[in-house]
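Shown next: model_22.cif, containing mmCIF, N, CA, C and O atoms.
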data_entry
loop_
_atom_site.label_atom_id
_atom_site.label_comp_id
_atom_site.auth_asym_id
_atom_site.auth_seq_id
_atom_site.Cartn_x
_atom_site.Cartn_y
_atom_site.Cartn_z
N ASP A 378 132.86 149.65 147.56
CA ASP A 378 131.71 150.53 147.54
C ASP A 378 130.54 149.95 146.76
O ASP A 378 129.39 150.22 147.10
N VAL A 379 130.83 149.21 145.69
CA VAL A 379 129.79 148.65 144.84
C VAL A 379 130.36 147.43 144.11
O VAL A 379 131.56 147.36 143.85
N ILE A 380 129.51 146.49 143.82
CA ILE A 380 129.93 145.29 143.09
C ILE A 380 129.25 145.30 141.73
O ILE A 380 128.03 145.43 141.64
N LEU A 381 130.06 145.18 140.66
CA LEU A 381 129.53 144.98 139.31
C LEU A 381 129.56 143.48 139.05
O LEU A 381 130.61 142.85 139.19
N LEU A 382 128.43 142.92 138.69
CA LEU A 382 128.31 141.47 138.60
C LEU A 382 127.67 141.07 137.28
O LEU A 382 126.60 141.58 136.92
N ASP A 383 128.31 140.15 136.57
CA ASP A 383 127.76 139.62 135.33
C ASP A 383 126.95 138.37 135.64
O ASP A 383 127.19 137.70 136.66
N LEU A 384 126.01 138.03 134.79
CA LEU A 384 125.25 136.79 134.98
C LEU A 384 126.03 135.58 134.52
O LEU A 384 125.93 134.50 135.09
N ASN A 385 126.81 135.73 133.46
CA ASN A 385 127.53 134.61 132.85
C ASN A 385 128.95 134.53 133.35
O ASN A 385 129.80 135.32 132.96
N MET A 386 129.18 133.57 134.24
CA MET A 386 130.51 133.35 134.80
C MET A 386 130.79 131.86 134.78
O MET A 386 129.86 131.05 134.70
N PRO A 387 132.06 131.46 134.87
CA PRO A 387 132.40 130.06 134.66
C PRO A 387 131.97 129.08 135.74
O PRO A 387 131.54 127.98 135.43
N THR A 388 132.04 129.43 137.01
CA THR A 388 131.77 128.45 138.07
C THR A 388 130.38 128.62 138.67
O THR A 388 129.64 127.66 138.82
N MET A 389 130.05 129.82 139.02
CA MET A 389 128.72 130.13 139.56
C MET A 389 128.06 131.15 138.65
O MET A 389 128.74 131.96 138.04
N THR A 390 126.75 131.12 138.59
CA THR A 390 126.05 132.16 137.82
C THR A 390 126.03 133.44 138.64
O THR A 390 126.22 133.41 139.86
N GLY A 391 125.78 134.53 137.97
CA GLY A 391 125.65 135.80 138.68
C GLY A 391 124.51 135.75 139.69
O GLY A 391 124.59 136.37 140.76
N PHE A 392 123.45 135.00 139.37
CA PHE A 392 122.34 134.87 140.31
C PHE A 392 122.79 134.16 141.59
O PHE A 392 122.39 134.54 142.69
N GLN A 393 123.61 133.13 141.44
CA GLN A 393 124.11 132.41 142.62
C GLN A 393 125.00 133.30 143.47
O GLN A 393 124.90 133.30 144.70
N VAL A 394 125.86 134.07 142.83
CA VAL A 394 126.73 134.99 143.57
C VAL A 394 125.90 136.06 144.25
O VAL A 394 126.11 136.38 145.43
N LEU A 395 124.93 136.62 143.53
CA LEU A 395 124.06 137.65 144.10
C LEU A 395 123.32 137.12 145.33
O LEU A 395 123.28 137.79 146.37
N ALA A 396 122.76 135.92 145.23
CA ALA A 396 122.05 135.34 146.37
C ALA A 396 122.98 135.14 147.55
O ALA A 396 122.62 135.44 148.70
N ALA A 397 124.20 134.67 147.29
CA ALA A 397 125.17 134.46 148.38
C ALA A 397 125.55 135.79 149.03
O ALA A 397 125.66 135.88 150.26
N LEU A 398 125.76 136.82 148.21
CA LEU A 398 126.10 138.14 148.76
C LEU A 398 124.98 138.68 149.64
O LEU A 398 125.23 139.20 150.74
N LYS A 399 123.76 138.56 149.17
CA LYS A 399 122.63 139.12 149.91
C LYS A 399 122.27 138.29 151.13
O LYS A 399 121.62 138.78 152.05
N ASP A 400 122.71 137.02 151.17
CA ASP A 400 122.48 136.18 152.35
C ASP A 400 123.51 136.41 153.45
O ASP A 400 123.31 136.00 154.58
N ASP A 401 124.61 137.06 153.12
CA ASP A 401 125.68 137.31 154.08
C ASP A 401 125.45 138.68 154.74
O ASP A 401 125.47 139.70 154.05
N PRO A 402 125.24 138.73 156.06
CA PRO A 402 124.93 140.01 156.72
C PRO A 402 125.99 141.09 156.51
O PRO A 402 125.67 142.27 156.41
N THR A 403 127.24 140.69 156.41
CA THR A 403 128.31 141.67 156.22
C THR A 403 128.33 142.21 154.80
O THR A 403 128.55 143.40 154.58
N LEU A 404 128.08 141.34 153.83
CA LEU A 404 128.19 141.73 152.42
C LEU A 404 126.88 142.26 151.85
O LEU A 404 126.88 142.95 150.83
N SER A 405 125.78 141.97 152.50
CA SER A 405 124.47 142.33 151.95
C SER A 405 124.25 143.83 151.83
O SER A 405 123.40 144.27 151.06
N VAL A 406 125.02 144.62 152.56
CA VAL A 406 124.86 146.07 152.51
C VAL A 406 125.58 146.70 151.31
O VAL A 406 125.36 147.87 151.00
N ILE A 407 126.42 145.92 150.64
CA ILE A 407 127.14 146.44 149.48
C ILE A 407 126.20 146.43 148.27
O ILE A 407 125.64 145.39 147.94
N PRO A 408 126.00 147.57 147.62
CA PRO A 408 125.14 147.59 146.44
C PRO A 408 125.71 146.70 145.33
O PRO A 408 126.92 146.66 145.11
N VAL A 409 124.82 145.99 144.65
CA VAL A 409 125.22 145.12 143.54
C VAL A 409 124.52 145.58 142.28
O VAL A 409 123.29 145.69 142.23
N VAL A 410 125.31 145.88 141.27
CA VAL A 410 124.80 146.29 139.97
C VAL A 410 125.09 145.17 138.99
O VAL A 410 126.24 144.77 138.80
N MET A 411 124.04 144.64 138.39
CA MET A 411 124.19 143.62 137.37
C MET A 411 124.61 144.31 136.08
O MET A 411 123.94 145.26 135.64
N LEU A 412 125.71 143.88 135.49
CA LEU A 412 126.21 144.42 134.23
C LEU A 412 126.34 143.23 133.30
O LEU A 412 127.29 142.45 133.41
N THR A 413 125.38 143.06 132.41
CA THR A 413 125.30 141.83 131.65
C THR A 413 124.76 142.07 130.24
O THR A 413 124.17 143.11 129.97
N SER A 414 124.96 141.10 129.39
CA SER A 414 124.45 141.21 128.02
C SER A 414 123.00 140.75 127.92
O SER A 414 122.36 140.94 126.89
N SER A 415 122.46 140.16 128.95
CA SER A 415 121.10 139.62 128.90
C SER A 415 120.04 140.72 129.05
O SER A 415 119.99 141.41 130.07
N ALA A 416 119.19 140.82 128.05
CA ALA A 416 118.06 141.74 128.12
C ALA A 416 116.77 140.97 128.41
O ALA A 416 115.68 141.55 128.35
N ASP A 417 116.88 139.70 128.76
CA ASP A 417 115.72 138.86 129.03
C ASP A 417 114.96 139.39 130.24
O ASP A 417 115.54 139.57 131.32
N GLU A 418 113.66 139.64 130.07
CA GLU A 418 112.84 140.18 131.16
C GLU A 418 112.86 139.27 132.40
O GLU A 418 112.84 139.75 133.53
N GLY A 419 112.92 137.96 132.18
CA GLY A 419 112.99 137.03 133.30
C GLY A 419 114.27 137.21 134.09
O GLY A 419 114.26 137.15 135.33
N ASP A 420 115.38 137.46 133.41
CA ASP A 420 116.64 137.70 134.10
C ASP A 420 116.58 139.00 134.90
O ASP A 420 117.06 139.07 136.04
N VAL A 421 115.99 140.03 134.30
CA VAL A 421 115.88 141.31 135.00
C VAL A 421 115.03 141.14 136.26
O VAL A 421 115.42 141.56 137.35
N ARG A 422 113.87 140.49 136.13
CA ARG A 422 113.00 140.28 137.29
C ARG A 422 113.70 139.45 138.36
O ARG A 422 113.60 139.75 139.55
N ARG A 423 114.40 138.39 137.92
CA ARG A 423 115.07 137.53 138.90
C ARG A 423 116.16 138.31 139.64
O ARG A 423 116.32 138.17 140.85
N ALA A 424 116.92 139.12 138.92
CA ALA A 424 117.97 139.92 139.58
C ALA A 424 117.38 140.83 140.65
O ALA A 424 117.89 140.89 141.77
N TYR A 425 116.29 141.51 140.31
CA TYR A 425 115.68 142.40 141.29
C TYR A 425 115.03 141.61 142.43
O TYR A 425 115.03 142.07 143.58
N SER A 426 114.50 140.43 142.14
CA SER A 426 113.91 139.63 143.22
C SER A 426 114.98 139.14 144.20
O SER A 426 114.69 138.87 145.36
N LEU A 427 116.23 139.06 143.71
CA LEU A 427 117.35 138.69 144.58
C LEU A 427 118.03 139.92 145.18
O LEU A 427 119.11 139.84 145.75
N HIS A 428 117.40 141.08 145.00
CA HIS A 428 117.83 142.35 145.61
C HIS A 428 119.03 143.01 144.94
O HIS A 428 119.83 143.68 145.61
N ALA A 429 119.15 142.83 143.62
CA ALA A 429 120.12 143.63 142.89
C ALA A 429 119.69 145.09 143.00
O ALA A 429 118.50 145.39 143.07
N ASN A 430 120.64 145.99 143.03
CA ASN A 430 120.31 147.41 143.16
C ASN A 430 120.08 148.08 141.81
O ASN A 430 119.43 149.12 141.74
N SER A 431 120.62 147.48 140.76
CA SER A 431 120.44 148.02 139.42
C SER A 431 120.77 146.94 138.41
O SER A 431 121.43 145.95 138.73
N TYR A 432 120.32 147.13 137.18
CA TYR A 432 120.54 146.16 136.11
C TYR A 432 120.89 146.94 134.87
O TYR A 432 120.07 147.73 134.37
N ILE A 433 122.10 146.76 134.36
CA ILE A 433 122.57 147.47 133.17
C ILE A 433 122.85 146.44 132.08
O ILE A 433 123.58 145.47 132.32
N ILE A 434 122.26 146.67 130.91
CA ILE A 434 122.51 145.78 129.78
C ILE A 434 123.71 146.32 129.01
O ILE A 434 123.70 147.47 128.54
N LYS A 435 124.73 145.47 128.91
CA LYS A 435 125.96 145.87 128.22
C LYS A 435 125.70 146.10 126.74
O LYS A 435 124.98 145.34 126.10
N ALA A 436 126.33 147.13 126.23
CA ALA A 436 126.29 147.38 124.79
C ALA A 436 127.10 146.29 124.09
O ALA A 436 127.95 145.63 124.69
N VAL A 437 126.84 146.11 122.82
CA VAL A 437 127.55 145.10 122.03
C VAL A 437 128.95 145.58 121.68
O VAL A 437 129.92 144.84 121.73
N ASP A 438 129.07 146.84 121.35
CA ASP A 438 130.33 147.44 120.93
C ASP A 438 131.21 147.76 122.15
O ASP A 438 130.74 148.38 123.11
N PHE A 439 132.48 147.36 122.11
CA PHE A 439 133.38 147.56 123.24
C PHE A 439 133.51 149.03 123.63
O PHE A 439 133.52 149.37 124.81
N THR A 440 133.59 149.91 122.64
CA THR A 440 133.72 151.33 122.93
C THR A 440 132.51 151.83 123.71
O THR A 440 132.63 152.63 124.64
N GLN A 441 131.33 151.34 123.35
CA GLN A 441 130.11 151.73 124.07
C GLN A 441 130.09 151.16 125.49
O GLN A 441 129.60 151.80 126.41
N VAL A 442 130.64 149.94 125.66
CA VAL A 442 130.74 149.36 127.01
C VAL A 442 131.63 150.24 127.88
O VAL A 442 131.30 150.53 129.03
N VAL A 443 132.74 150.68 127.32
CA VAL A 443 133.64 151.57 128.06
C VAL A 443 132.91 152.86 128.43
O VAL A 443 133.04 153.35 129.56
N GLN A 444 132.12 153.39 127.53
CA GLN A 444 131.34 154.60 127.82
C GLN A 444 130.32 154.33 128.92
O GLN A 444 130.12 155.17 129.81
N GLN A 445 129.67 153.17 128.88
CA GLN A 445 128.71 152.80 129.93
C GLN A 445 129.42 152.76 131.29
O GLN A 445 128.90 153.26 132.28
N LEU A 446 130.58 152.13 131.32
CA LEU A 446 131.33 152.02 132.58
C LEU A 446 131.77 153.39 133.07
O LEU A 446 131.70 153.68 134.27
N ASP A 447 132.21 154.24 132.16
CA ASP A 447 132.63 155.58 132.54
C ASP A 447 131.44 156.36 133.12
O ASP A 447 131.56 157.03 134.15
N THR A 448 130.30 156.25 132.49
CA THR A 448 129.09 156.91 132.99
C THR A 448 128.72 156.37 134.36
O THR A 448 128.38 157.13 135.28
N PHE A 449 128.79 155.05 134.51
CA PHE A 449 128.47 154.44 135.81
C PHE A 449 129.40 154.93 136.90
O PHE A 449 128.96 155.33 137.98
N VAL A 450 130.71 154.94 136.63
CA VAL A 450 131.69 155.36 137.63
C VAL A 450 131.46 156.83 138.00
O VAL A 450 131.48 157.20 139.18
N THR A 451 131.22 157.66 137.00
CA THR A 451 130.96 159.08 137.26
C THR A 451 129.72 159.24 138.14
O THR A 451 129.73 159.98 139.12
N TYR A 452 128.66 158.52 137.78
CA TYR A 452 127.44 158.57 138.58
C TYR A 452 127.71 158.08 139.99
O TYR A 452 127.32 158.72 140.97
N TRP A 453 128.35 156.94 140.11
CA TRP A 453 128.57 156.35 141.43
C TRP A 453 129.40 157.27 142.32
O TRP A 453 129.11 157.41 143.50
N GLN A 454 130.41 157.90 141.76
CA GLN A 454 131.23 158.81 142.55
C GLN A 454 130.42 160.01 143.03
O GLN A 454 130.68 160.55 144.10
N SER A 455 129.42 160.41 142.26
CA SER A 455 128.64 161.58 142.65
C SER A 455 127.60 161.27 143.72
O SER A 455 127.17 162.17 144.44
N VAL A 456 127.18 160.01 143.84
CA VAL A 456 126.11 159.68 144.81
C VAL A 456 126.58 158.84 145.97
O VAL A 456 125.82 158.64 146.92
N ARG A 457 127.78 158.33 145.93
CA ARG A 457 128.21 157.42 147.00
C ARG A 457 128.30 158.15 148.33
O ARG A 457 128.62 159.33 148.39
N ARG A 458 127.98 157.42 149.34
CA ARG A 458 128.05 157.94 150.70
C ARG A 458 129.17 157.20 151.41
O ARG A 458 129.30 155.99 151.26
N PRO A 459 129.93 157.91 152.22
CA PRO A 459 130.97 157.20 152.97
C PRO A 459 130.35 156.17 153.90
O PRO A 459 129.31 156.42 154.52
N ARG A 460 130.96 155.00 153.95
CA ARG A 460 130.49 153.96 154.87
C ARG A 460 131.14 154.17 156.22
O ARG A 460 132.31 154.48 156.33
N PHE A 461 130.34 154.02 157.24
CA PHE A 461 130.84 154.21 158.60
C PHE A 461 131.42 152.88 159.09
O PHE A 461 130.84 151.83 158.87
N THR A 462 132.56 152.94 159.73
CA THR A 462 133.16 151.74 160.29
C THR A 462 132.94 151.77 161.79
O THR A 462 132.79 152.81 162.42
N ARG A 463 132.91 150.58 162.35
CA ARG A 463 132.71 150.49 163.80
C ARG A 463 134.01 150.56 164.52
O ARG A 463 135.03 150.24 164.14
#

For this file, write the structure as structure tokens.
Amino acid sequence: DVILLDLNMPTMTGFQVLAALKDDPTLSVIPVVMLTSSADEGDVRRAYSLHANSYIIKAVDFTQVVQQLDTFVTYWQSVRRPRFTR
């Protein structure tokens, strides 16, 4: 239903993964939410220029990250629309 994507990953950057997802006609319809520790304005702009659907800056404290994820999941469940299959 949705992809949570970090910018900092070992093999490819989140930007590279995001670009690949959005270049693939089958995968491009899946919403991508950037969940990262970077608050850099350039990173935020770049993510949106690559068609990220949202950008969430992770809290430093693990408990707060869990709360962010819980809030995100609750929100996503309330707004998600069923995808139609062919």

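For the atom pair formed by atom CA of Val443 of chain A and atom C of Leu412 of chain A, the distance is 12.3 Å, given to one decimal.
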
- What's the 12 Å shell around segment 449-452 of chain A, counting only C-alpha atoms, without same-chain residues fewer than 5 positions away, as a list in words? Asp378, Val379, Ile380, Leu381, Val410, Met411, Leu412, Ser431, Tyr432, Ile433, Lys435, Val442, Val443, Gln444 and Arg457 of chain A

- Message: Expand the PyMOL selection byres ((chain A and resi 407) around 8) into the explicit residue set it covers here, and present it as number ranges by chain.
- Response: A: 378-380, 398-399, 401-406, 408-410, 428-430

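Across the structure, atom N of Leu384 of chain A and atom C of Ser414 of chain A are spaced 8.0 Å apart.
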
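Within the 10 Å cut-off around Val394 of chain A, using only C-alpha atoms and omitting residues fewer than 6 positions from it on the same chain, the listed residues are Leu382, Asp383, Leu384, Met386, Thr388 and Asp400 of chain A.
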
- Write down as a list in words the residues belonging to chain A that are assigned strand (DSSP E) by DSSP computed on the backbone.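 Strand (DSSP E) assignments inside chain A correspond to Ile380, Leu381, Leu382, Val409, Val410, Met411, Leu412, Thr413, Ser431, Tyr432, Ile433 and Ile434 of chain A.
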
- Selected residue, from A:Asn385, A:Gly391, A:Thr440, A:Thr448, that lies nearest to Ser415 of chain A when counting only N, CA, C and O atoms: A:Asn385

- Do you have the atom N of Met389 of chain A-atom CA of Val421 of chain A distance handy?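 Interatomic distance, atom N of Met389 of chain A to atom CA of Val421 of chain A: 18.7 Å.
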
- Message: I'd like to know which residues of chain A are alpha helix (DSSP H) (by DSSP, run on the backbone); could you write them as a VMD selection string?
- Response: chain A and resid 391 to 400 418 to 426 439 to 456

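Distances here use only N, CA, C and O atoms; by that measure, the residue among A:Gln445, A:Gln454, A:Leu427, A:Val437 closest to Ala397 of chain A is A:Leu427.
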